[in-house]
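Text of the file my_file.txt, holding compact mmCIF, C-alpha atoms and all ligand atoms:
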# COMPACT_ATOMS: atom_id res chain seq x y z
CA MET A 2 111.98 82.60 89.99
CA ASN A 3 111.56 78.83 90.19
CA HIS A 4 110.38 76.64 93.06
CA SER A 5 113.79 75.32 94.01
CA THR A 6 115.24 78.84 94.28
CA ILE A 7 112.56 79.72 96.81
CA ASN A 8 112.91 76.46 98.76
CA GLU A 9 116.69 76.78 98.81
CA ALA A 10 116.45 80.30 100.19
CA LEU A 11 114.01 79.17 102.90
CA ASN A 12 116.38 76.40 103.97
CA TRP A 13 119.49 78.55 103.62
CA ARG A 14 118.28 81.27 105.94
CA TYR A 15 118.71 80.94 109.68
CA ALA A 16 118.57 83.29 112.61
CA THR A 17 122.13 84.57 112.30
CA LYS A 18 123.94 84.97 115.60
CA LYS A 19 127.30 86.19 114.36
CA PHE A 20 127.61 88.67 111.50
CA ASP A 21 130.70 89.45 109.44
CA THR A 22 131.34 93.07 110.39
CA SER A 23 133.36 93.68 107.22
CA LYS A 24 130.43 93.04 104.86
CA LYS A 25 127.81 95.65 104.15
CA ILE A 26 124.53 95.39 102.26
CA SER A 27 124.77 97.32 98.99
CA ALA A 28 122.60 100.37 98.38
CA LEU A 29 120.83 98.51 95.56
CA ASP A 30 119.95 95.52 97.77
CA TRP A 31 118.92 97.81 100.60
CA LYS A 32 116.42 99.53 98.31
CA VAL A 33 114.72 96.20 97.65
CA LEU A 34 114.68 95.36 101.37
CA GLN A 35 113.20 98.75 102.14
CA ASN A 36 110.54 98.06 99.54
CA ALA A 37 109.73 94.76 101.27
CA LEU A 38 109.11 96.71 104.47
CA THR A 39 106.84 99.30 102.97
CA MET A 40 105.00 96.98 100.58
CA ALA A 41 103.91 94.58 103.33
CA PRO A 42 100.13 94.43 103.69
CA SER A 43 98.27 95.56 106.79
CA SER A 44 94.68 95.39 107.96
CA TYR A 45 92.66 98.11 106.13
CA GLY A 46 96.03 99.08 104.64
CA LEU A 47 96.38 101.37 107.65
CA GLN A 48 100.09 100.78 108.33
CA PRO A 49 100.10 101.43 112.08
CA PHE A 50 103.85 100.91 112.20
CA LYS A 51 107.14 102.65 111.63
CA PHE A 52 110.61 101.31 110.90
CA PHE A 53 113.73 102.81 112.44
CA VAL A 54 116.94 101.93 110.62
CA VAL A 55 119.59 102.56 113.25
CA GLU A 56 122.81 103.68 111.60
CA ASN A 57 124.45 105.54 114.48
CA PRO A 58 127.10 103.23 116.04
CA GLU A 59 126.78 104.83 119.50
CA VAL A 60 123.04 104.32 119.50
CA ARG A 61 123.59 100.72 118.39
CA GLU A 62 125.96 100.19 121.34
CA LYS A 63 123.32 101.48 123.72
CA LEU A 64 120.67 99.24 122.15
CA LYS A 65 123.00 96.25 122.41
CA ALA A 66 123.34 96.84 126.17
CA SER A 67 119.53 96.64 126.35
CA SER A 68 119.47 93.46 124.23
CA TRP A 69 121.24 91.00 126.51
CA ASN A 70 124.43 92.14 124.76
CA GLN A 71 123.51 90.26 121.60
CA GLY A 72 126.26 91.01 119.09
CA GLN A 73 123.91 91.17 116.12
CA VAL A 74 122.81 94.65 117.21
CA THR A 75 126.20 96.22 116.55
CA ASP A 76 127.76 93.75 114.10
CA ALA A 77 125.05 93.52 111.44
CA SER A 78 125.22 95.75 108.39
CA HIS A 79 121.72 97.12 109.04
CA TYR A 80 119.59 97.11 112.16
CA VAL A 81 115.86 97.73 111.86
CA VAL A 82 113.66 98.47 114.86
CA PHE A 83 109.94 97.87 114.33
CA ALA A 84 107.60 100.17 116.21
CA ALA A 85 103.81 100.06 116.36
CA LYS A 86 101.18 102.63 117.24
CA GLU A 87 100.15 102.34 120.86
CA LYS A 88 96.77 103.98 120.28
CA LEU A 89 94.82 104.90 117.19
CA ASP A 90 93.04 108.20 116.83
CA GLU A 91 90.94 109.84 114.15
CA GLU A 92 93.86 112.02 113.14
CA PHE A 93 95.90 108.96 112.14
CA ILE A 94 93.00 107.48 110.18
CA GLN A 95 92.46 110.84 108.46
CA LYS A 96 96.11 110.91 107.47
CA TYR A 97 95.61 107.55 105.73
CA ILE A 98 92.42 108.74 104.03
CA ASN A 99 94.30 111.82 102.75
CA ARG A 100 96.99 109.56 101.37
CA ILE A 101 94.50 107.34 99.52
CA ALA A 102 92.84 110.42 98.03
CA GLU A 103 96.22 111.76 96.93
CA VAL A 104 97.57 108.52 95.46
CA ARG A 105 94.39 107.35 93.74
CA GLY A 106 93.11 110.81 92.78
CA VAL A 107 89.72 110.31 94.44
CA SER A 108 87.67 112.68 96.60
CA GLN A 109 87.68 112.64 100.39
CA GLU A 110 83.87 112.23 100.33
CA SER A 111 84.11 109.02 98.33
CA LEU A 112 86.14 107.60 101.24
CA ASP A 113 83.73 108.66 103.99
CA GLY A 114 82.23 105.17 104.34
CA PHE A 115 85.65 103.53 104.55
CA LYS A 116 86.81 106.08 107.10
CA SER A 117 83.76 105.56 109.35
CA SER A 118 84.13 101.79 109.17
CA MET A 119 87.70 102.11 110.46
CA VAL A 120 86.73 104.61 113.16
CA GLU A 121 83.85 102.38 114.30
CA ALA A 122 85.91 99.21 114.38
CA LEU A 123 89.26 100.46 115.61
CA ILE A 124 88.51 103.49 117.77
CA LYS A 125 84.94 103.11 119.01
CA GLY A 126 84.50 99.34 118.88
CA PRO A 127 85.70 96.63 121.29
CA CYS A 128 88.87 96.25 119.24
CA ALA A 129 90.03 99.63 120.64
CA LYS A 130 90.93 97.92 123.92
CA THR A 131 93.49 95.70 122.27
CA ILE A 132 94.57 98.05 119.50
CA ASP A 133 98.20 98.00 120.63
CA SER A 134 98.51 94.25 120.09
CA TRP A 135 96.58 94.59 116.81
CA ALA A 136 99.11 97.19 115.62
CA GLN A 137 101.98 94.95 116.72
CA ARG A 138 100.59 92.08 114.67
CA GLN A 139 100.62 94.31 111.59
CA ALA A 140 104.26 95.17 112.25
CA TYR A 141 105.18 91.47 112.39
CA ILE A 142 103.88 90.98 108.85
CA SER A 143 106.41 93.49 107.56
CA MET A 144 109.07 91.70 109.58
CA GLY A 145 108.21 88.47 107.73
CA PHE A 146 108.29 90.20 104.36
CA LEU A 147 111.70 91.66 105.16
CA MET A 148 113.22 88.33 106.20
CA GLU A 149 111.87 86.38 103.25
CA THR A 150 113.08 89.03 100.81
CA ALA A 151 116.49 89.05 102.48
CA ALA A 152 116.73 85.26 102.12
CA LEU A 153 115.88 85.49 98.42
CA LEU A 154 118.71 88.00 98.02
CA ASN A 155 121.09 85.74 100.00
CA ILE A 156 121.24 88.30 102.75
CA ASP A 157 121.30 87.03 106.31
CA ALA A 158 118.97 88.17 109.03
CA CYS A 159 118.15 87.66 112.67
CA PRO A 160 114.68 88.45 113.97
CA MET A 161 114.91 89.61 117.57
CA GLU A 162 112.66 90.04 120.55
CA GLY A 163 115.39 89.57 123.11
CA PHE A 164 115.62 93.15 124.33
CA ASP A 165 113.98 95.52 126.76
CA PRO A 166 111.36 97.49 124.78
CA GLN A 167 111.09 100.27 127.38
CA SER A 168 114.82 100.94 127.18
CA TYR A 169 114.60 100.96 123.38
CA ASP A 170 111.78 103.52 123.53
CA LYS A 171 113.97 105.69 125.74
CA ILE A 172 117.12 105.36 123.64
CA LEU A 173 115.24 106.04 120.39
CA ASN A 174 113.34 108.97 121.94
CA LEU A 175 109.98 107.32 121.33
CA GLU A 176 108.50 108.13 124.71
CA GLY A 177 105.45 110.33 124.29
CA THR A 178 105.39 109.92 120.50
CA GLY A 179 102.74 107.18 120.40
CA TRP A 180 105.23 104.71 118.90
CA LYS A 181 106.40 101.69 120.87
CA THR A 182 109.19 99.30 120.04
CA VAL A 183 107.92 95.84 119.09
CA SER A 184 110.73 93.81 117.56
CA THR A 185 113.90 94.15 115.53
CA VAL A 186 115.72 92.53 112.61
CA ALA A 187 119.49 92.59 112.15
CA LEU A 188 120.62 92.15 108.54
CA GLY A 189 123.93 91.52 106.84
CA TYR A 190 126.19 88.57 106.11
CA ARG A 191 126.91 85.53 108.29
CA HIS A 192 130.34 85.10 109.82
CA PRO A 193 131.98 81.82 108.70
CA ASP A 194 132.48 80.98 112.42
CA ASP A 195 128.79 81.13 113.25
CA ALA A 196 128.11 77.51 114.22
CA TYR A 197 124.37 78.01 113.98
CA GLN A 198 124.52 77.98 110.19
CA ASN A 199 125.42 74.27 110.29
CA LEU A 200 122.60 73.18 112.59
CA LYS A 201 119.74 71.17 111.17
CA LYS A 202 116.47 73.06 111.11
CA VAL A 203 114.00 71.95 113.74
CA ARG A 204 110.41 72.14 112.61
CA PHE A 205 107.37 70.05 113.46
CA SER A 206 106.35 67.87 110.54
CA ASP A 207 104.05 69.24 107.84
CA GLU A 208 101.35 66.84 109.12
CA THR A 209 101.61 68.35 112.60
CA LEU A 210 101.52 71.93 111.42
CA ILE A 211 99.21 71.75 108.44
CA GLU A 212 95.79 70.21 108.42
CA TYR A 213 93.66 70.08 105.31
CA VAL A 214 90.01 70.64 106.10
CA LYS A 215 88.10 68.71 103.46
C1 LIG B 301 109.87 87.08 116.90
C2 LIG B 301 111.19 86.40 117.03
C3 LIG B 301 112.08 86.80 118.01
C4 LIG B 301 113.35 86.22 118.09
N1 LIG B 301 114.28 86.72 118.99
C5 LIG B 301 115.57 86.29 118.90
C6 LIG B 301 116.60 86.93 119.64
O1 LIG B 301 116.39 87.87 120.40
N2 LIG B 301 117.87 86.49 119.49
C7 LIG B 301 118.19 85.46 118.65
O2 LIG B 301 119.36 85.12 118.53
N3 LIG B 301 117.22 84.83 117.93
C8 LIG B 301 115.94 85.23 118.03
N4 LIG B 301 114.96 84.63 117.27
C9 LIG B 301 115.35 83.51 116.36
C10 LIG B 301 114.66 82.19 116.69
O3 LIG B 301 115.24 81.60 117.81
C11 LIG B 301 114.79 81.30 115.43
O4 LIG B 301 114.13 81.93 114.37
C12 LIG B 301 114.19 79.92 115.65
O5 LIG B 301 114.92 79.21 116.61
C13 LIG B 301 114.17 79.10 114.35
O6 LIG B 301 115.45 78.99 113.80
P1 LIG B 301 115.85 79.53 112.36
O7 LIG B 301 115.24 80.91 112.23
O8 LIG B 301 117.34 79.59 112.39
O9 LIG B 301 115.31 78.59 111.33
C14 LIG B 301 113.69 85.17 117.20
C15 LIG B 301 112.76 84.76 116.25
C16 LIG B 301 111.55 85.38 116.14
C17 LIG B 301 110.62 84.98 115.02

Serialized structure, structure tokens:
Amino acid sequence: MNHSTINEALNWRYATKKFDTSKKISALDWKVLQNALTMAPSSYGLQPFKFFVVENPEVREKLKASSWNQGQVTDASHYVVFAAKEKLDEEFIQKYINRIAEVRGVSQESLDGFKSSMVEALIKGPCAKTIDSWAQRQAYISMGFLMETAALLNIDACPMEGFDPQSYDKILNLEGTGWKTVSTVALGYRHPDDAYQNLKKVRFSDETLIEYVK
């Protein structure tokens, strides 16, 4: 992939307000997008997040009503809800340790040090108090990966925070599960009538946003 392909995709993408309901993301493209979600990095690699791909049209209608009636919720081909762990416990960390041992074929004992460092920092340390916002930050990284990958595939997306998270938790039966809705991304194909696609991008200048520390 060359530089101009990447730059074109970054300029081409925009937060799509109106999706073409007749166009669906192919299974092949969806596989790549799913890979972008799961391959996103996270602190310690702990992945304190979960992605709900809402396919049920009735559930989407309910979510739309809790999203200021934003049409993207029902009109997009795919609708992903990002949830993060509200609290971390040793059980969750152990689950991750088990997974490392399984995937890399190493012993549990060889991971003891790594496990204690996570327990100390994330459960016993001062970070425990703000672990919910820490987990949310991890979820946002996967959101970024998803949107960039979509743009490279010429698939439109709209990142969304304009909804009531408590209602989402209720509708998606997340209450009491330890997962909390954080954000969403609607994905599909822009409607030709969506005026937003023609607007110039507003960004502060590079000089304002980027400072080289020499
Ligand atoms: C975390 C986040 C939440 C957002 N929430 C909404 C939303 O609820 N509805 C919407 O139409 N756009 C939403 N946006 C889109 C932003 O308004 C948009 O990305 C920004 O104005 C820059 O425009 P561009 O993405 O088209 O370049 C959100 C963007 C982000 C990153």

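Selecting all polymer residues at most 8 Å from ligand LIG 301 (chain B), using only C-alpha atoms and all ligand atoms, gives Asn12, Arg14, Tyr15, Ala16, Thr17, Lys18, Ser68, Gln71, Gln73, Tyr141, Cys159, Pro160, Met161, Glu162, Gly163, Phe164, Ser184, Thr185, Tyr197, Gln198, Lys202 and Val203 of chain A.
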
Residue contacts of A:Arg138 (10 Å, only C-alpha atoms) excluding same-chain residues fewer than 3 positions away, as a list in words | Ser43, Ser44, Pro49, Phe50, Ala85, Ile132, Asp133, Ser134, Trp135, Tyr141, Ile142, Ser143, Met144 and Val183 of chain A

Keeping only C-alpha atoms, take the residues you just selected and write them out as a PDB file, keeping the file's coordinate frame.
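Listing of result26.pdb after writing:
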ATOM      1  CA  SER A  43      98.270  95.560 106.790  1.00  0.00           C
ATOM      2  CA  SER A  44      94.680  95.390 107.960  1.00  0.00           C
ATOM      3  CA  PRO A  49     100.100 101.430 112.080  1.00  0.00           C
ATOM      4  CA  PHE A  50     103.850 100.910 112.200  1.00  0.00           C
ATOM      5  CA  ALA A  85     103.810 100.060 116.360  1.00  0.00           C
ATOM      6  CA  ILE A 132      94.570  98.050 119.500  1.00  0.00           C
ATOM      7  CA  ASP A 133      98.200  98.000 120.630  1.00  0.00           C
ATOM      8  CA  SER A 134      98.510  94.250 120.090  1.00  0.00           C
ATOM      9  CA  TRP A 135      96.580  94.590 116.810  1.00  0.00           C
ATOM     10  CA  TYR A 141     105.180  91.470 112.390  1.00  0.00           C
ATOM     11  CA  ILE A 142     103.880  90.980 108.850  1.00  0.00           C
ATOM     12  CA  SER A 143     106.410  93.490 107.560  1.00  0.00           C
ATOM     13  CA  MET A 144     109.070  91.700 109.580  1.00  0.00           C
ATOM     14  CA  VAL A 183     107.920  95.840 119.090  1.00  0.00           C
TER      15      VAL A 183
END

Pairwise distance, atom CA of A:Ala158 with atom CA of A:Leu188, equals 4.3 Å

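Reported to one decimal place, the separation of atom CA of A:Leu147 from atom CA of A:Lys116 is 28.8 Å.
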
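Closest approach to A:Val186 among A:Glu212, A:Asp207, A:Glu149, A:Glu92 is made by A:Glu149 (distances from all atoms listed in the file).
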
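Within a radius of 7 Å around (123.0, 91.5, 102.8), the polymer residues are A:Lys25, A:Ile26, A:Ala151, A:Asn155, A:Ile156, A:Asp157, A:Leu188, A:Gly189, A:Tyr190, counting all atoms listed in the file.
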
Some atoms are absent from stretch 99-110 of chain A, so rebuild all heavy atoms and return them as a PDB file, keeping the file's coordinate frame.
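Final file, result-v7.pdb:
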ATOM      1  N   ASN A  99      93.688 110.770 103.593  1.00  0.00           N
ATOM      2  CA  ASN A  99      94.300 111.820 102.750  1.00  0.00           C
ATOM      3  C   ASN A  99      95.267 111.194 101.749  1.00  0.00           C
ATOM      4  O   ASN A  99      95.341 111.594 100.587  1.00  0.00           O
ATOM      5  CB  ASN A  99      95.071 112.827 103.593  1.00  0.00           C
ATOM      6  CG  ASN A  99      94.175 113.630 104.501  1.00  0.00           C
ATOM      7  OD1 ASN A  99      92.950 113.616 104.341  1.00  0.00           O
ATOM      8  ND2 ASN A  99      94.761 114.311 105.474  1.00  0.00           N
ATOM      9  N   ARG A 100      95.986 110.221 102.229  1.00  0.00           N
ATOM     10  CA  ARG A 100      96.990 109.560 101.370  1.00  0.00           C
ATOM     11  C   ARG A 100      96.309 108.772 100.237  1.00  0.00           C
ATOM     12  O   ARG A 100      96.769 108.817  99.094  1.00  0.00           O
ATOM     13  CB  ARG A 100      97.847 108.625 102.249  1.00  0.00           C
ATOM     14  CG  ARG A 100      98.942 107.908 101.522  1.00  0.00           C
ATOM     15  CD  ARG A 100     100.049 108.845 101.074  1.00  0.00           C
ATOM     16  NE  ARG A 100     101.146 108.093 100.479  1.00  0.00           N
ATOM     17  CZ  ARG A 100     102.025 108.580  99.636  1.00  0.00           C
ATOM     18  NH1 ARG A 100     101.973 109.861  99.281  1.00  0.00           N
ATOM     19  NH2 ARG A 100     102.991 107.829  99.150  1.00  0.00           N
ATOM     20  N   ILE A 101      95.219 108.076 100.565  1.00  0.00           N
ATOM     21  CA  ILE A 101      94.500 107.340  99.520  1.00  0.00           C
ATOM     22  C   ILE A 101      93.992 108.321  98.461  1.00  0.00           C
ATOM     23  O   ILE A 101      94.148 108.101  97.253  1.00  0.00           O
ATOM     24  CB  ILE A 101      93.291 106.541 100.082  1.00  0.00           C
ATOM     25  CG1 ILE A 101      93.712 105.567 101.181  1.00  0.00           C
ATOM     26  CG2 ILE A 101      92.585 105.772  98.955  1.00  0.00           C
ATOM     27  CD1 ILE A 101      92.524 104.881 101.869  1.00  0.00           C
ATOM     28  N   ALA A 102      93.395 109.433  98.948  1.00  0.00           N
ATOM     29  CA  ALA A 102      92.840 110.420  98.030  1.00  0.00           C
ATOM     30  C   ALA A 102      93.931 110.968  97.115  1.00  0.00           C
ATOM     31  O   ALA A 102      93.740 111.112  95.897  1.00  0.00           O
ATOM     32  CB  ALA A 102      92.189 111.551  98.825  1.00  0.00           C
ATOM     33  N   GLU A 103      95.086 111.213  97.695  1.00  0.00           N
ATOM     34  CA  GLU A 103      96.220 111.760  96.930  1.00  0.00           C
ATOM     35  C   GLU A 103      96.725 110.757  95.898  1.00  0.00           C
ATOM     36  O   GLU A 103      96.859 111.066  94.713  1.00  0.00           O
ATOM     37  CB  GLU A 103      97.330 112.120  97.928  1.00  0.00           C
ATOM     38  CG  GLU A 103      98.603 112.634  97.309  1.00  0.00           C
ATOM     39  CD  GLU A 103      99.784 112.544  98.295  1.00  0.00           C
ATOM     40  OE1 GLU A 103      99.567 112.472  99.518  1.00  0.00           O
ATOM     41  OE2 GLU A 103     100.927 112.526  97.801  1.00  0.00           O
ATOM     42  N   VAL A 104      96.955 109.518  96.339  1.00  0.00           N
ATOM     43  CA  VAL A 104      97.570 108.520  95.460  1.00  0.00           C
ATOM     44  C   VAL A 104      96.619 108.076  94.354  1.00  0.00           C
ATOM     45  O   VAL A 104      97.017 107.909  93.194  1.00  0.00           O
ATOM     46  CB  VAL A 104      98.040 107.287  96.297  1.00  0.00           C
ATOM     47  CG1 VAL A 104      98.493 106.155  95.387  1.00  0.00           C
ATOM     48  CG2 VAL A 104      99.152 107.681  97.251  1.00  0.00           C
ATOM     49  N   ARG A 105      95.341 107.886  94.734  1.00  0.00           N
ATOM     50  CA  ARG A 105      94.390 107.350  93.740  1.00  0.00           C
ATOM     51  C   ARG A 105      93.601 108.440  93.030  1.00  0.00           C
ATOM     52  O   ARG A 105      92.806 108.131  92.149  1.00  0.00           O
ATOM     53  CB  ARG A 105      93.440 106.369  94.426  1.00  0.00           C
ATOM     54  CG  ARG A 105      94.193 105.137  94.933  1.00  0.00           C
ATOM     55  CD  ARG A 105      93.281 103.987  95.241  1.00  0.00           C
ATOM     56  NE  ARG A 105      94.066 102.788  95.539  1.00  0.00           N
ATOM     57  CZ  ARG A 105      93.721 101.864  96.422  1.00  0.00           C
ATOM     58  NH1 ARG A 105      92.581 101.975  97.081  1.00  0.00           N
ATOM     59  NH2 ARG A 105      94.480 100.806  96.620  1.00  0.00           N
ATOM     60  N   GLY A 106      93.797 109.697  93.437  1.00  0.00           N
ATOM     61  CA  GLY A 106      93.110 110.810  92.780  1.00  0.00           C
ATOM     62  C   GLY A 106      91.604 110.740  92.956  1.00  0.00           C
ATOM     63  O   GLY A 106      90.853 110.987  92.012  1.00  0.00           O
ATOM     64  N   VAL A 107      91.167 110.369  94.173  1.00  0.00           N
ATOM     65  CA  VAL A 107      89.720 110.310  94.440  1.00  0.00           C
ATOM     66  C   VAL A 107      89.378 111.350  95.513  1.00  0.00           C
ATOM     67  O   VAL A 107      90.260 111.862  96.208  1.00  0.00           O
ATOM     68  CB  VAL A 107      89.282 108.899  94.919  1.00  0.00           C
ATOM     69  CG1 VAL A 107      89.484 107.868  93.818  1.00  0.00           C
ATOM     70  CG2 VAL A 107      90.021 108.479  96.189  1.00  0.00           C
ATOM     71  N   SER A 108      88.064 111.653  95.626  1.00  0.00           N
ATOM     72  CA  SER A 108      87.670 112.680  96.600  1.00  0.00           C
ATOM     73  C   SER A 108      87.640 112.110  98.014  1.00  0.00           C
ATOM     74  O   SER A 108      87.472 110.910  98.210  1.00  0.00           O
ATOM     75  CB  SER A 108      86.270 113.202  96.240  1.00  0.00           C
ATOM     76  OG  SER A 108      85.319 112.180  96.479  1.00  0.00           O
ATOM     77  N   GLN A 109      87.775 113.012  98.973  1.00  0.00           N
ATOM     78  CA  GLN A 109      87.680 112.640 100.390  1.00  0.00           C
ATOM     79  C   GLN A 109      86.306 112.039 100.680  1.00  0.00           C
ATOM     80  O   GLN A 109      86.194 111.059 101.411  1.00  0.00           O
ATOM     81  CB  GLN A 109      87.844 113.890 101.266  1.00  0.00           C
ATOM     82  CG  GLN A 109      89.195 114.531 101.167  1.00  0.00           C
ATOM     83  CD  GLN A 109      90.150 114.002 102.221  1.00  0.00           C
ATOM     84  OE1 GLN A 109      89.737 113.473 103.229  1.00  0.00           O
ATOM     85  NE2 GLN A 109      91.439 114.122 101.956  1.00  0.00           N
ATOM     86  N   GLU A 110      85.256 112.661 100.060  1.00  0.00           N
ATOM     87  CA  GLU A 110      83.870 112.230 100.330  1.00  0.00           C
ATOM     88  C   GLU A 110      83.663 110.785  99.910  1.00  0.00           C
ATOM     89  O   GLU A 110      82.958 110.031 100.570  1.00  0.00           O
ATOM     90  CB  GLU A 110      82.846 113.102  99.578  1.00  0.00           C
ATOM     91  CG  GLU A 110      82.852 114.576  99.991  1.00  0.00           C
ATOM     92  CD  GLU A 110      84.063 115.336  99.470  1.00  0.00           C
ATOM     93  OE1 GLU A 110      84.310 115.274  98.255  1.00  0.00           O
ATOM     94  OE2 GLU A 110      84.790 115.956 100.275  1.00  0.00           O
TER      95      GLU A 110
END
